[in-house]
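To be precise, the following lines are final-v2.cif, and they hold mmCIF, C-alpha atoms and all ligand atoms.
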data_work
loop_
_atom_site.label_atom_id
_atom_site.label_comp_id
_atom_site.auth_asym_id
_atom_site.auth_seq_id
_atom_site.Cartn_x
_atom_site.Cartn_y
_atom_site.Cartn_z
CA MET B 1 0.00 0.00 0.00
CA ARG B 2 1.37 3.42 -0.96
CA ILE B 3 1.30 5.99 1.82
CA ALA B 4 3.06 8.75 -0.17
CA THR B 5 1.26 10.91 -2.67
CA GLU B 6 2.34 12.03 -6.11
CA SER B 7 4.24 15.28 -6.26
CA PRO B 8 5.71 17.39 -9.07
CA THR B 9 9.24 16.26 -9.87
CA PRO B 10 11.28 18.61 -12.06
CA PHE B 11 14.33 17.38 -13.96
CA THR B 12 16.03 17.69 -17.34
CA LEU B 13 15.18 15.08 -19.95
CA ASN B 14 17.32 14.97 -23.08
CA THR B 15 18.38 18.59 -22.44
CA GLN B 16 14.77 19.81 -22.05
CA PRO B 17 13.27 20.79 -18.66
CA VAL B 18 10.30 18.64 -17.65
CA THR B 19 8.12 18.35 -14.57
CA VAL B 20 6.14 15.18 -14.01
CA SER B 21 3.82 14.17 -11.22
CA ALA B 22 5.18 10.99 -9.64
CA PHE B 23 5.30 8.99 -6.44
CA PRO B 24 8.66 9.42 -4.68
CA ASP B 25 9.38 5.69 -4.81
CA GLU B 26 8.15 5.21 -8.37
CA PRO B 27 10.84 3.86 -10.72
CA LEU B 28 12.12 6.32 -13.31
CA LEU B 29 11.71 3.58 -15.92
CA HIS B 30 7.93 3.51 -15.53
CA VAL B 31 7.66 7.29 -15.70
CA LEU B 32 9.82 7.47 -18.84
CA ARG B 33 7.90 4.77 -20.67
CA ASP B 34 4.34 5.40 -19.48
CA ARG B 35 4.15 9.17 -19.08
CA LEU B 36 6.96 10.75 -21.05
CA ASP B 37 6.74 8.68 -24.24
CA LYS B 38 10.34 7.43 -23.98
CA ALA B 39 9.70 3.78 -24.73
CA GLY B 40 13.21 3.30 -26.14
CA THR B 41 14.27 2.61 -22.56
CA ARG B 42 13.34 -1.06 -22.12
CA PHE B 43 11.98 -3.08 -19.26
CA GLY B 44 13.87 -6.34 -18.87
CA CYS B 45 14.11 -7.68 -15.34
CA GLY B 46 13.03 -4.75 -13.17
CA LEU B 47 15.76 -5.78 -10.70
CA ASN B 48 18.88 -3.95 -11.87
CA GLN B 49 20.20 -7.23 -13.26
CA CYS B 50 20.01 -7.06 -17.05
CA GLY B 51 21.06 -3.58 -18.24
CA ALA B 52 18.11 -3.14 -20.62
CA CYS B 53 16.84 0.02 -18.88
CA ARG B 54 20.08 1.98 -18.71
CA VAL B 55 19.93 5.76 -19.02
CA LEU B 56 22.47 8.46 -18.26
CA ILE B 57 21.89 10.46 -15.08
CA ASP B 58 24.26 13.38 -14.77
CA GLY B 59 26.35 11.63 -17.40
CA ARG B 60 26.62 8.22 -15.69
CA PRO B 61 24.84 5.03 -16.80
CA VAL B 62 22.29 3.80 -14.26
CA ALA B 63 19.40 1.33 -14.22
CA ALA B 64 16.18 3.32 -14.57
CA CYS B 65 14.22 0.41 -13.05
CA ASP B 66 16.16 0.85 -9.82
CA THR B 67 16.08 4.65 -9.69
CA PRO B 68 13.27 6.15 -7.57
CA MET B 69 11.78 9.41 -8.75
CA TRP B 70 12.73 11.26 -5.56
CA SER B 71 16.38 10.83 -6.55
CA VAL B 72 15.87 12.28 -10.04
CA ALA B 73 14.69 15.76 -9.02
CA GLY B 74 16.96 18.46 -10.35
CA ARG B 75 19.18 16.06 -12.29
CA SER B 76 19.89 15.47 -15.96
CA VAL B 77 18.48 12.31 -17.58
CA VAL B 78 19.45 11.21 -21.09
CA THR B 79 17.63 8.33 -22.77
CA VAL B 80 18.46 6.56 -26.00
CA GLU B 81 16.15 9.00 -27.80
CA GLY B 82 18.41 11.82 -26.61
CA LEU B 83 21.36 10.23 -28.40
CA ALA B 84 19.55 9.90 -31.72
CA ASN B 85 21.34 12.70 -33.52
CA TRP B 86 24.82 12.22 -32.13
CA PRO B 87 27.27 11.01 -34.81
CA LEU B 88 28.81 8.30 -32.67
CA ALA B 89 25.40 6.88 -31.78
CA LYS B 90 24.51 6.81 -35.48
CA ARG B 91 27.70 4.92 -36.28
CA LEU B 92 27.05 2.42 -33.51
CA ARG B 93 23.51 1.82 -34.74
CA SER B 94 24.75 1.39 -38.31
CA ALA B 95 27.36 -1.11 -37.13
CA PHE B 96 24.72 -3.06 -35.21
CA GLU B 97 22.62 -3.22 -38.37
CA ASP B 98 25.52 -4.06 -40.69
CA LEU B 99 26.68 -6.93 -38.48
CA GLN B 100 23.15 -8.04 -37.57
CA ALA B 101 24.16 -7.48 -33.96
CA GLY B 102 20.61 -7.49 -32.64
CA GLN B 103 17.86 -10.05 -32.94
CA CYS B 104 14.86 -8.76 -30.95
CA GLY B 105 16.73 -5.55 -30.03
CA ALA B 106 15.44 -5.46 -26.44
CA CYS B 107 18.93 -5.15 -24.98
CA LEU B 108 20.34 -2.66 -27.46
CA SER B 109 19.25 0.72 -26.11
CA GLY B 110 20.86 -0.03 -22.75
CA ILE B 111 23.99 -1.27 -24.49
CA LEU B 112 24.13 1.88 -26.63
CA ILE B 113 23.94 4.04 -23.50
CA THR B 114 26.78 2.12 -21.83
CA LEU B 115 28.95 2.14 -24.95
CA MET B 116 28.50 5.88 -25.51
CA HIS B 117 29.57 6.55 -21.92
CA ALA B 118 32.52 4.15 -22.13
CA ILE B 119 33.76 5.67 -25.39
CA GLU B 120 33.39 9.17 -23.93
CA GLN B 121 35.38 8.07 -20.89
CA ARG B 122 37.91 6.23 -23.11
CA THR B 123 37.54 3.04 -21.09
CA VAL B 124 37.17 0.82 -24.16
CA CYS B 125 39.85 0.15 -26.75
CA ASP B 126 39.92 -3.60 -27.41
CA GLU B 127 37.79 -6.73 -27.17
CA ALA B 128 38.59 -7.37 -23.51
CA SER B 129 37.61 -3.87 -22.44
CA VAL B 130 34.38 -3.95 -24.49
CA ARG B 131 33.45 -7.30 -22.95
CA SER B 132 34.20 -5.88 -19.51
CA VAL B 133 31.94 -2.80 -19.80
CA LEU B 134 29.14 -4.91 -21.28
CA ASP B 135 29.53 -7.68 -18.72
CA ASN B 136 26.31 -6.87 -16.88
CA HIS B 137 24.22 -6.44 -20.02
CA LEU B 138 22.22 -9.57 -20.76
CA CYS B 139 21.20 -10.45 -24.31
CA ARG B 140 18.62 -13.20 -24.31
CA CYS B 141 19.04 -13.67 -28.06
CA GLY B 142 22.67 -14.67 -27.65
CA SER B 143 23.97 -11.87 -29.85
CA HIS B 144 26.89 -10.95 -27.59
CA PRO B 145 29.68 -11.84 -30.06
CA ARG B 146 28.19 -9.71 -32.83
CA ILE B 147 27.41 -6.86 -30.43
CA VAL B 148 31.04 -6.83 -29.30
CA ALA B 149 32.25 -7.02 -32.91
CA ALA B 150 30.03 -4.10 -33.91
CA ALA B 151 31.21 -1.99 -30.99
CA LEU B 152 34.84 -2.76 -31.80
CA SER B 153 34.40 -1.86 -35.46
CA VAL B 154 33.27 1.62 -34.42
CA ILE B 155 35.78 2.13 -31.61
CA GLN B 156 38.73 1.12 -33.78
CA ALA B 157 37.56 3.30 -36.69
CA SER B 158 37.00 6.37 -34.50
CA PRO B 159 39.57 9.15 -34.77
CA ALA B 160 41.92 9.30 -31.78
CA GLY B 161 40.71 11.82 -29.22
CA GLU B 162 37.20 11.99 -30.66
CA SER B 163 34.55 12.84 -28.07
CA ALA B 164 31.25 11.02 -28.05
CA GLY B 165 29.78 14.37 -27.04
CA VAL B 166 27.23 12.74 -24.76
CA PRO B 167 24.67 15.43 -23.83
CA LEU B 168 24.18 16.09 -20.12
S1 LIG O 1 15.10 -3.77 -16.39
FE1 LIG O 1 16.49 -2.54 -15.29
S2 LIG O 1 18.28 -3.74 -15.15
FE2 LIG O 1 16.81 -5.06 -16.06
S1 LIG O 2 19.06 -8.80 -29.30
FE1 LIG O 2 17.40 -9.74 -28.18
S2 LIG O 2 17.98 -9.48 -26.12
FE2 LIG O 2 19.70 -8.78 -27.22
#

Written as C-alpha cells, that's how I'd like the structure from this file.
Amino acid sequence: MRIATESPTPFTLNTQPVTVSAFPDEPLLHVLRDRLDKAGTRFGCGLNQCGACRVLIDGRPVAACDTPMWSVAGRSVVTVEGLANWPLAKRLRSAFEDLQAGQCGACLSGILITLMHAIEQRTVCDEASVRSVLDNHLCRCGSHPRIVAAALSVIQASPAGESAGVPL
C-alpha cells in the first residue's frame, strides 16, 4: 500500500526541462515509458540485473528500473532518444545493423547508453575492455559476439581523441 502521494518532480530530460507528477518511490523507468513517451528505454528484469533500462543520469549510466523518482529531481536524464542525432550513436547503430548485432533488439538501447559513456570516458579500446563494460548487459538472443564485434568496429575506426559528445 502506498502511503506517499504524487508530487511534481522537475528534472532535465534529453536537455529539455520537464516536470512530471510521480510517487517518490516510483521507478524512473515507468515514468519514462508510461508518461513521457520514452519507450526506447526497455523493461527487462526490473531488478537492476540485465542492463536493458540503462539511461544516463548526470552523465553516468544507471538502471532506470532501480532509480526512484525522488532521486531524479533536479538532475539530468538522457535516454536513448536523446542520443539519436549524435554522430557516434549513429555509427554504432549502423554497425549493429551491418553486423546483424541485434535479434529482438530489447537489450540494445541499454547497451548503446553504456557504450556511448565508455567511449566518452575512453575506457574501451579492445575486445577485452568492451566485454568488460558490457559484462552486466544480458542479451537473451545470444547476440553478444556480434554486439562486441560491432562496438569494436566503431571504436577502432574512431579518430583518436574523438569525443562522443554525450549530452548532459
Ligand atoms: S530492467 Fe532494469 S536492469 Fe533489467
Ligand atoms: S538482441 Fe534480443 S535481447 Fe539482445

May I have the residues at most 12 Å from (28.0, -1.0, -35.2) in the file's coordinates, counting only C-alpha atoms, as a ChimeraX atom specification?
-> /B:88-102,108,111-112,115-116,146-158

Close residues, B:Phe43 itself excluded, 8 Å, all atoms listed in the file, min 3 positions apart in chain, as a PDB file with C-alpha atoms, in the frame of the given file:
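The resulting file, around-v8.pdb, is shown below:
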ATOM      1  CA  LEU B  29      11.710   3.580 -15.920  1.00  0.00           C
ATOM      2  CA  GLY B  46      13.030  -4.750 -13.170  1.00  0.00           C
ATOM      3  CA  ALA B  52      18.110  -3.140 -20.620  1.00  0.00           C
ATOM      4  CA  CYS B  53      16.840   0.020 -18.880  1.00  0.00           C
ATOM      5  CA  CYS B  65      14.220   0.410 -13.050  1.00  0.00           C
TER       6      CYS B  65
END

Pull the neighbourhood of (25.7, 1.4, -14.9) for me: all residues within 12 Å in file coordinates, counting all atoms listed in the file, as a ChimeraX atom specification.
-> /B:48-57,59-67,110-118,133-137

Return as a PyMOL selection string every polymer residue, whether protein, DNA or RNA, with at least one atom no more than 6 Å from an atom of ligand LIG 2 (chain O); count all atoms listed in the file.
-> chain B and resi 102-107+139-141+143

Å distance separating atom CA of B:Cys45 from atom CA of B:Cys125, one decimal place = 29.2 Å

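When all atoms listed in the file are used to measure the gap to B:Val18, the shortest distance among B:Thr41, B:Ser71, B:Thr5, B:Ser76 belongs to B:Ser76.
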
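Distances from B:Ser109, B:Asn85, B:Ser129, B:Ser7 to ligand LIG 1 (chain O) were compared using all atoms listed in the file, and the smallest one belongs to B:Ser109.
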
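Distance-wise, atom CA of B:Val77 and atom CA of B:Phe11 end up 7.5 Å apart.
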
Figure out the distance between atom CA of B:Pro27 and atom CA of B:Gly74, please, to one decimal in Å.
->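 These two atoms are separated by 15.8 Å.
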
Determine the axis-aligned bounding box of all atoms of ligand LIG 1 (chain O) present in the file, pad each side by 4 Å, and express its centre and edge lengths in Å to one decimal place as AutoDock Vina command-line options.
--center_x 16.7 --center_y -3.8 --center_z -15.8 --size_x 11.2 --size_y 10.5 --size_z 9.2

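You can rank B:Met69, B:Ala4, B:Leu36, B:Leu138 by their closest distance to ligand LIG 1 (chain O) using only C-alpha atoms and all ligand atoms, and at the top of that list sits B:Leu138.
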
Residue nearest ligand LIG 1 (chain O) among B:Leu47, B:Leu13, B:Leu28, B:Glu6 (counting all atoms listed in the file) =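 Ranking B:Leu47, B:Leu13, B:Leu28, B:Glu6 by distance to ligand LIG 1 (chain O), first place goes to B:Leu47.
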
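Using only C-alpha atoms, the contacts of B:Thr19 at a cut-off of 12 Å, with sequence neighbours closer than 2 positions omitted, comprise Ser7, Pro8, Thr9, Pro10, Phe11, Thr12, Leu13, Gln16, Pro17, Ser21, Ala22, Val31, Leu32, Arg35, Leu36, Met69, Val72, Ala73, Gly74 and Arg75 of chain B.
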
Given the choices B:Arg42, B:His144, B:His30, B:Arg131, which gets closest to ligand LIG 1 (chain O) if the distance is worked out from only C-alpha atoms and all ligand atoms?
-> B:Arg42

Saving stretch 101-132 of chain B with C-alpha atoms, as a compact mmCIF listing (two decimals), in the first residue's frame, what would that file be?
# COMPACT_ATOMS: atom_id res chain seq x y z
CA ALA B 101 24.16 -7.48 -33.96
CA GLY B 102 20.61 -7.49 -32.64
CA GLN B 103 17.86 -10.05 -32.94
CA CYS B 104 14.86 -8.76 -30.95
CA GLY B 105 16.73 -5.55 -30.03
CA ALA B 106 15.44 -5.46 -26.44
CA CYS B 107 18.93 -5.15 -24.98
CA LEU B 108 20.34 -2.66 -27.46
CA SER B 109 19.25 0.72 -26.11
CA GLY B 110 20.86 -0.03 -22.75
CA ILE B 111 23.99 -1.27 -24.49
CA LEU B 112 24.13 1.88 -26.63
CA ILE B 113 23.94 4.04 -23.50
CA THR B 114 26.78 2.12 -21.83
CA LEU B 115 28.95 2.14 -24.95
CA MET B 116 28.50 5.88 -25.51
CA HIS B 117 29.57 6.55 -21.92
CA ALA B 118 32.52 4.15 -22.13
CA ILE B 119 33.76 5.67 -25.39
CA GLU B 120 33.39 9.17 -23.93
CA GLN B 121 35.38 8.07 -20.89
CA ARG B 122 37.91 6.23 -23.11
CA THR B 123 37.54 3.04 -21.09
CA VAL B 124 37.17 0.82 -24.16
CA CYS B 125 39.85 0.15 -26.75
CA ASP B 126 39.92 -3.60 -27.41
CA GLU B 127 37.79 -6.73 -27.17
CA ALA B 128 38.59 -7.37 -23.51
CA SER B 129 37.61 -3.87 -22.44
CA VAL B 130 34.38 -3.95 -24.49
CA ARG B 131 33.45 -7.30 -22.95
CA SER B 132 34.20 -5.88 -19.51
